[in-house]
file target21.pdb (PDB, C-alpha atoms)
ATOM      1  CA  MET N 252      -1.083 148.720 -52.080
ATOM      2  CA  GLY N 253       0.176 147.649 -48.730
ATOM      3  CA  ALA N 254      -1.916 144.495 -48.945
ATOM      4  CA  SER N 255       0.549 141.720 -48.417
ATOM      5  CA  ARG N 256      -0.589 138.210 -47.650
ATOM      6  CA  PRO N 257      -3.221 138.264 -44.948
ATOM      7  CA  GLN N 258      -2.349 136.672 -41.624
ATOM      8  CA  LYS N 259      -3.044 132.982 -41.746
ATOM      9  CA  LEU N 260      -5.318 131.862 -38.974
ATOM     10  CA  SER N 261      -6.473 128.335 -38.328
ATOM     11  CA  GLY N 262     -10.129 127.639 -37.645
ATOM     12  CA  ILE N 263      -9.530 127.200 -33.963
ATOM     13  CA  GLN N 264      -7.448 130.384 -33.775
ATOM     14  CA  LYS N 265     -10.315 132.284 -35.358
ATOM     15  CA  GLN N 266     -12.655 130.885 -32.744
ATOM     16  CA  VAL N 267     -10.347 131.967 -29.943
ATOM     17  CA  LEU N 268      -9.960 135.466 -31.371
ATOM     18  CA  SER N 269     -13.693 135.689 -31.912
ATOM     19  CA  LEU N 270     -14.306 134.764 -28.299
ATOM     20  CA  TYR N 271     -11.769 137.373 -27.209
ATOM     21  CA  ARG N 272     -13.557 139.948 -29.327
ATOM     22  CA  GLY N 273     -16.850 138.880 -27.773
ATOM     23  CA  PHE N 274     -15.511 139.538 -24.288
ATOM     24  CA  LEU N 275     -14.090 142.928 -25.234
ATOM     25  CA  ARG N 276     -17.367 143.900 -26.916
ATOM     26  CA  THR N 277     -19.403 142.865 -23.943
ATOM     27  CA  ALA N 278     -17.069 144.743 -21.637
ATOM     28  CA  ARG N 279     -17.804 147.932 -23.560
ATOM     29  CA  ALA N 280     -21.379 147.877 -22.367
ATOM     30  CA  LYS N 281     -20.330 147.944 -18.719
ATOM     31  CA  THR N 282     -19.352 150.877 -16.577
ATOM     32  CA  LEU N 283     -15.910 152.258 -17.138
ATOM     33  CA  GLU N 284     -14.538 150.749 -13.985
ATOM     34  CA  ASN N 285     -16.022 147.331 -14.604
ATOM     35  CA  ARG N 286     -14.957 147.449 -18.178
ATOM     36  CA  ALA N 287     -11.342 148.024 -17.253
ATOM     37  CA  HIS N 288     -11.551 145.237 -14.717
ATOM     38  CA  ILE N 289     -13.087 142.766 -17.163
ATOM     39  CA  GLU N 290     -10.616 143.710 -19.859
ATOM     40  CA  SER N 291      -7.596 143.161 -17.677
ATOM     41  CA  LEU N 292      -8.919 139.846 -16.370
ATOM     42  CA  VAL N 293      -9.872 138.542 -19.789
ATOM     43  CA  SER N 294      -6.699 139.740 -21.425
ATOM     44  CA  ALA N 295      -4.551 138.145 -18.716
ATOM     45  CA  GLU N 296      -6.444 134.881 -19.039
ATOM     46  CA  PHE N 297      -6.120 134.658 -22.807
ATOM     47  CA  ARG N 298      -2.467 135.583 -22.691
ATOM     48  CA  LYS N 299      -1.681 133.125 -19.974
ATOM     49  CA  ASN N 300      -3.373 130.336 -21.889
ATOM     50  CA  SER N 301      -1.715 131.319 -25.136
ATOM     51  CA  GLU N 302       1.646 130.709 -23.513
ATOM     52  CA  LEU N 303       0.701 127.821 -21.304
ATOM     53  CA  ILE N 304      -1.148 125.625 -23.729
ATOM     54  CA  ASP N 305       0.443 123.950 -26.693
ATOM     55  CA  ARG N 306      -1.144 125.220 -29.898
ATOM     56  CA  LYS N 307      -1.719 121.639 -31.006
ATOM     57  CA  ASN N 308      -3.589 120.679 -27.870
ATOM     58  CA  PHE N 309      -6.957 121.018 -29.564
ATOM     59  CA  LEU N 310      -8.858 119.102 -26.924
ATOM     60  CA  HIS N 311      -7.795 121.469 -24.190
ATOM     61  CA  ILE N 312      -8.303 124.549 -26.365
ATOM     62  CA  GLU N 313     -11.774 123.396 -27.326
ATOM     63  CA  TYR N 314     -12.573 122.773 -23.716
ATOM     64  CA  LEU N 315     -11.468 126.303 -22.851
ATOM     65  CA  LEU N 316     -13.447 127.683 -25.769
ATOM     66  CA  ARG N 317     -16.632 126.045 -24.506
ATOM     67  CA  ARG N 318     -15.933 127.231 -21.021
ATOM     68  CA  GLY N 319     -15.181 130.751 -22.222
ATOM     69  CA  LYS N 320     -18.363 130.895 -24.270
ATOM     70  CA  LYS N 321     -20.391 129.986 -21.222
ATOM     71  CA  GLN N 322     -18.662 132.654 -19.181
ATOM     72  CA  LEU N 323     -19.258 135.178 -21.927
ATOM     73  CA  ASP N 324     -22.961 134.324 -22.118
ATOM     74  CA  GLN N 325     -23.157 134.758 -18.410
ATOM     75  CA  LEU N 326     -21.416 138.104 -18.557
ATOM     76  CA  LYS N 327     -23.793 139.241 -21.299
ATOM     77  CA  THR N 328     -26.956 138.392 -19.445
ATOM     78  CA  VAL N 329     -26.080 140.151 -16.234
ATOM     79  CA  ASP N 330     -27.252 143.734 -16.270
ATOM     80  CA  SER N 331     -25.476 144.909 -13.216
ATOM     81  CA  VAL N 332     -22.138 143.282 -13.650
ATOM     82  CA  ARG N 333     -21.596 140.289 -11.471
ATOM     83  CA  LEU N 334     -17.914 140.655 -11.765
ATOM     84  CA  SER N 335     -17.379 138.654  -8.660
ATOM     85  CA  SER N 336     -18.718 135.508 -10.276
ATOM     86  CA  THR N 337     -16.662 136.036 -13.391
ATOM     87  CA  ASN N 338     -13.768 136.727 -11.183
ATOM     88  CA  VAL N 339     -14.240 133.531  -9.252
ATOM     89  CA  GLU N 340     -14.596 131.506 -12.402
ATOM     90  CA  LEU N 341     -11.516 132.982 -13.936
ATOM     91  CA  SER N 342      -9.394 132.436 -10.880
ATOM     92  CA  ASP N 343     -10.902 128.982 -10.704
ATOM     93  CA  THR N 344      -9.503 128.255 -14.154
ATOM     94  CA  LYS N 345      -6.153 129.570 -13.080
ATOM     95  CA  GLN N 346      -5.993 127.207 -10.154
ATOM     96  CA  GLN N 347      -6.994 124.273 -12.297
ATOM     97  CA  SER N 348      -4.475 124.839 -15.000
ATOM     98  CA  SER N 349      -1.619 125.631 -12.675
ATOM     99  CA  GLY N 350      -2.326 122.581 -10.538
TER
ATOM    100  CA  MET I 126     -40.386 140.442 -93.447
ATOM    101  CA  ALA I 127     -39.128 143.231 -91.275
ATOM    102  CA  SER I 128     -39.837 141.263 -88.142
ATOM    103  CA  ALA I 129     -38.124 138.197 -89.559
ATOM    104  CA  LEU I 130     -35.111 140.331 -90.343
ATOM    105  CA  ARG I 131     -35.236 141.795 -86.899
ATOM    106  CA  SER I 132     -35.329 138.477 -85.147
ATOM    107  CA  ALA I 133     -32.594 137.209 -87.434
ATOM    108  CA  ILE I 134     -30.427 140.151 -86.497
ATOM    109  CA  LEU I 135     -31.320 139.991 -82.862
ATOM    110  CA  GLY I 136     -30.560 136.314 -82.860
ATOM    111  CA  HIS I 137     -27.032 137.037 -83.962
ATOM    112  CA  VAL I 138     -26.181 140.284 -82.332
ATOM    113  CA  ARG I 139     -24.467 139.787 -79.037
ATOM    114  CA  VAL I 140     -24.718 142.773 -76.824
ATOM    115  CA  PRO I 141     -21.540 143.020 -74.812
ATOM    116  CA  VAL I 142     -23.202 142.447 -71.513
ATOM    117  CA  VAL I 143     -19.846 142.203 -69.846
ATOM    118  CA  THR I 144     -19.157 145.858 -70.439
ATOM    119  CA  THR I 145     -22.445 146.819 -68.891
ATOM    120  CA  GLY I 146     -21.747 144.554 -65.970
ATOM    121  CA  SER I 147     -18.331 145.890 -65.219
ATOM    122  CA  LYS I 148     -19.587 149.404 -65.835
ATOM    123  CA  LEU I 149     -22.166 148.751 -63.192
ATOM    124  CA  LEU I 150     -19.721 147.177 -60.814
ATOM    125  CA  THR I 151     -16.859 149.636 -60.780
ATOM    126  CA  PRO I 152     -18.713 152.906 -60.714
ATOM    127  CA  LEU I 153     -21.090 151.519 -58.141
ATOM    128  CA  TRP I 154     -18.219 151.554 -55.757
ATOM    129  CA  ILE I 155     -17.111 155.020 -56.777
ATOM    130  CA  ASN I 156     -20.622 156.380 -57.057
ATOM    131  CA  ARG I 157     -21.530 155.122 -53.667
ATOM    132  CA  SER I 158     -19.444 157.674 -51.855
ATOM    133  CA  THR I 159     -20.588 160.485 -54.116
ATOM    134  CA  SER I 160     -24.235 159.508 -53.890
ATOM    135  CA  VAL I 161     -23.972 159.150 -50.145
ATOM    136  CA  ARG I 162     -22.477 162.591 -50.092
ATOM    137  CA  SER I 163     -25.218 164.218 -52.141
ATOM    138  CA  MET I 164     -28.010 162.482 -50.294
ATOM    139  CA  SER I 165     -26.864 162.885 -46.746
ATOM    140  CA  SER I 166     -27.836 166.046 -44.980
ATOM    141  CA  HIS I 167     -24.571 166.099 -43.088
ATOM    142  CA  ASP I 168     -21.509 165.632 -45.172
ATOM    143  CA  ASP I 169     -19.365 163.730 -42.737
ATOM    144  CA  HIS I 170     -17.542 161.426 -45.084
ATOM    145  CA  LEU I 171     -14.070 161.147 -43.668
ATOM    146  CA  GLU I 172     -11.042 162.562 -45.376
ATOM    147  CA  LYS I 173      -8.375 159.993 -45.978
ATOM    148  CA  THR I 174      -5.719 161.988 -44.148
ATOM    149  CA  GLN I 175      -8.031 162.148 -41.163
ATOM    150  CA  VAL I 176      -8.533 158.389 -41.220
ATOM    151  CA  ILE I 177      -4.787 157.826 -41.462
ATOM    152  CA  ASP I 178      -3.995 160.209 -38.607
ATOM    153  CA  ARG I 179      -6.571 158.730 -36.275
ATOM    154  CA  ILE I 180      -5.544 155.149 -37.002
ATOM    155  CA  LEU I 181      -1.870 155.959 -36.553
ATOM    156  CA  ASP I 182      -2.672 157.630 -33.233
ATOM    157  CA  ILE I 183      -4.486 154.524 -32.025
ATOM    158  CA  VAL I 184      -1.622 152.236 -32.999
ATOM    159  CA  LYS I 185       0.981 154.574 -31.518
ATOM    160  CA  SER I 186      -0.841 154.729 -28.227
ATOM    161  CA  PHE I 187      -0.945 150.948 -27.928
ATOM    162  CA  PRO I 188       1.149 150.106 -24.868
ATOM    163  CA  LYS I 189       3.480 147.596 -26.507
ATOM    164  CA  VAL I 190       4.153 149.686 -29.572
ATOM    165  CA  ASP I 191       7.157 151.916 -30.151
ATOM    166  CA  PRO I 192       5.449 154.995 -31.638
ATOM    167  CA  SER I 193       8.458 155.841 -33.789
ATOM    168  CA  GLN I 194       7.983 152.621 -35.748
ATOM    169  CA  VAL I 195       4.401 153.334 -36.715
ATOM    170  CA  THR I 196       3.841 154.230 -40.360
ATOM    171  CA  PRO I 197       0.732 153.989 -42.561
ATOM    172  CA  GLU I 198       2.107 150.755 -44.020
ATOM    173  CA  VAL I 199       3.265 149.077 -40.850
ATOM    174  CA  HIS I 200       2.255 145.463 -40.270
ATOM    175  CA  PHE I 201       1.070 144.849 -36.714
ATOM    176  CA  GLN I 202       2.620 141.462 -36.173
ATOM    177  CA  LYS I 203       5.559 141.371 -38.573
ATOM    178  CA  ASP I 204       6.806 144.922 -37.992
ATOM    179  CA  LEU I 205       5.615 145.826 -34.519
ATOM    180  CA  GLY I 206       6.127 142.439 -32.895
ATOM    181  CA  LEU I 207       2.533 142.155 -31.735
ATOM    182  CA  ASP I 208       0.599 138.915 -31.460
ATOM    183  CA  SER I 209      -2.852 138.000 -32.714
ATOM    184  CA  LEU I 210      -4.471 139.020 -29.416
ATOM    185  CA  ASP I 211      -2.876 142.479 -29.677
ATOM    186  CA  ASN I 212      -4.106 142.557 -33.236
ATOM    187  CA  VAL I 213      -7.651 141.985 -32.004
ATOM    188  CA  GLU I 214      -7.272 144.749 -29.419
ATOM    189  CA  ILE I 215      -6.057 147.244 -32.011
ATOM    190  CA  VAL I 216      -8.877 146.444 -34.412
ATOM    191  CA  MET I 217     -11.368 146.749 -31.562
ATOM    192  CA  ALA I 218      -9.915 150.146 -30.658
ATOM    193  CA  ILE I 219     -10.278 151.226 -34.286
ATOM    194  CA  GLU I 220     -13.877 150.017 -34.264
ATOM    195  CA  GLU I 221     -14.602 152.131 -31.260
ATOM    196  CA  GLU I 222     -12.814 155.193 -32.561
ATOM    197  CA  PHE I 223     -14.798 155.193 -35.805
ATOM    198  CA  LYS I 224     -18.023 153.892 -34.248
ATOM    199  CA  LEU I 225     -18.090 150.773 -36.374
ATOM    200  CA  GLU I 226     -18.741 147.147 -35.755
ATOM    201  CA  ILE I 227     -16.359 145.141 -37.848
ATOM    202  CA  PRO I 228     -17.537 141.559 -38.411
ATOM    203  CA  ASP I 229     -15.127 138.784 -37.381
ATOM    204  CA  LYS I 230     -14.478 137.774 -40.945
ATOM    205  CA  GLU I 231     -13.279 141.250 -41.855
ATOM    206  CA  ALA I 232     -11.551 141.907 -38.564
ATOM    207  CA  ASP I 233      -9.415 138.788 -38.973
ATOM    208  CA  LYS I 234      -8.030 140.182 -42.205
ATOM    209  CA  ILE I 235      -7.010 143.549 -40.820
ATOM    210  CA  ASP I 236      -3.415 142.952 -39.804
ATOM    211  CA  SER I 237      -1.708 146.167 -40.892
ATOM    212  CA  CYS I 238      -2.232 149.908 -40.790
ATOM    213  CA  ALA I 239      -2.683 149.891 -44.561
ATOM    214  CA  LEU I 240      -5.594 147.449 -44.412
ATOM    215  CA  ALA I 241      -7.144 149.211 -41.452
ATOM    216  CA  ILE I 242      -6.996 152.548 -43.255
ATOM    217  CA  GLU I 243      -8.458 151.024 -46.402
ATOM    218  CA  TYR I 244     -11.278 149.356 -44.501
ATOM    219  CA  VAL I 245     -12.262 152.401 -42.475
ATOM    220  CA  TYR I 246     -11.941 154.809 -45.372
ATOM    221  CA  ASN I 247     -14.222 152.684 -47.550
ATOM    222  CA  HIS I 248     -16.752 152.101 -44.811
ATOM    223  CA  PRO I 249     -19.803 154.296 -45.424
ATOM    224  CA  LEU I 250     -20.654 154.487 -41.730
ATOM    225  CA  ALA I 251     -17.250 155.430 -40.381
ATOM    226  CA  SER I 252     -17.408 158.654 -38.434
TER
END

call {"tool": "encode", "arguments": {"input": "target21.pdb", "output": "structure tokens"}}
result
Amino acid sequence: MGASRPQKLSGIQKQVLSLYRGFLRTARAKTLENRAHIESLVSAEFRKNSELIDRKNFLHIEYLLRRGKKQLDQLKTVDSVRLSSTNVELSDTKQQSSG
Amino acid sequence: MASALRSAILGHVRVPVVTTGSKLLTPLWINRSTSVRSMSSHDDHLEKTQVIDRILDIVKSFPKVDPSQVTPEVHFQKDLGLDSLDNVEIVMAIEEEFKLEIPDKEADKIDSCALAIEYVYNHPLAS
């Protein structure tokens, strides 16, 4: 049995991964082109934040989680992808955190 | 008299319920695949080798992975140097490949090829 100890994830890590999964799932329902676009945006954003933000900075992570959930809900409700708005919001976040 | 004897005996006899229970539990798992097989009109239960091959292909094709390092036992993060976000992406790719939806709770546990293979192989809806 190759079942070693399972990866240990904190509660907040699970929430982040769950949100990431949510984005990737939602992206699946979009057209191929939009899907690729959403995936690269979302992936870049999560990765950037994973490096930028201290893992103990729960306040900031929780803030980003709330923000991400809102963005995900928005992405889910739009039938014809309003990528532009997601795009704007994501780049918005980038500006905020880099400034 | 006979009924008194009967209740006296019944009062003392302990039927080993545990045996029945475990009998029910273990074969249920084994029977499930066989009963699914016999009942389904299309016998599309996946062969284990097929599951292994398809999962290995997914992992090998992951951009950050060196295909030569991928084995059926390989651990995504410890052996392949991936992070938890990559882990999510791989599990999502496996979901899609086998047309499954893996709940978060299960997906969080799948951190190696071995666990992925086990999960998919035992999933009745994997195709």

call {"tool": "interface_residues", "arguments": {"input": "target21.pdb", "of": "chain I", "to": "chain N", "cutoff": "8 Å", "atoms": "all atoms listed in the file", "output": "PyMOL selection string"}}
result
chain I and resi 198+209-210+213-214+217+229+233-236+239-240

call {"tool": "atom_distance", "arguments": {"input": "target21.pdb", "atom1": "CA of Leu225 (chain I)", "atom2": "CA of Ser252 (chain I)"}}
result
8.2 Å

call {"tool": "resolve_selection", "arguments": {"input": "target21.pdb", "expression": "the PyMOL selection byres ((chain I and resi 173) around 10)", "output": "PyMOL selection string"}}
result
chain I and resi 170-172+174-179+242-243+245-247

call {"tool": "residues_near_point", "arguments": {"input": "target21.pdb", "point": "(-9.4, 127.5, -27.3)", "cutoff": "8 Å", "atoms": "only C-alpha atoms", "output": "NGL selection string"}}
result
:N and (263-264 or 266-267 or 309 or 311-317)

call {"tool": "atom_distance", "arguments": {"input": "target21.pdb", "atom1": "CA of Val216 (chain I)", "atom2": "CA of Lys307 (chain N)"}}
result
26.0 Å

call {"tool": "axis_aligned_box", "arguments": {"input": "target21.pdb", "around": "region 187-191 of chain I", "padding_each_side": "3 Å", "output": "JSON"}}
result
{"center_x": 3.1, "center_y": 149.8, "center_z": -27.5, "size_x": 14.1, "size_y": 10.3, "size_z": 11.3}
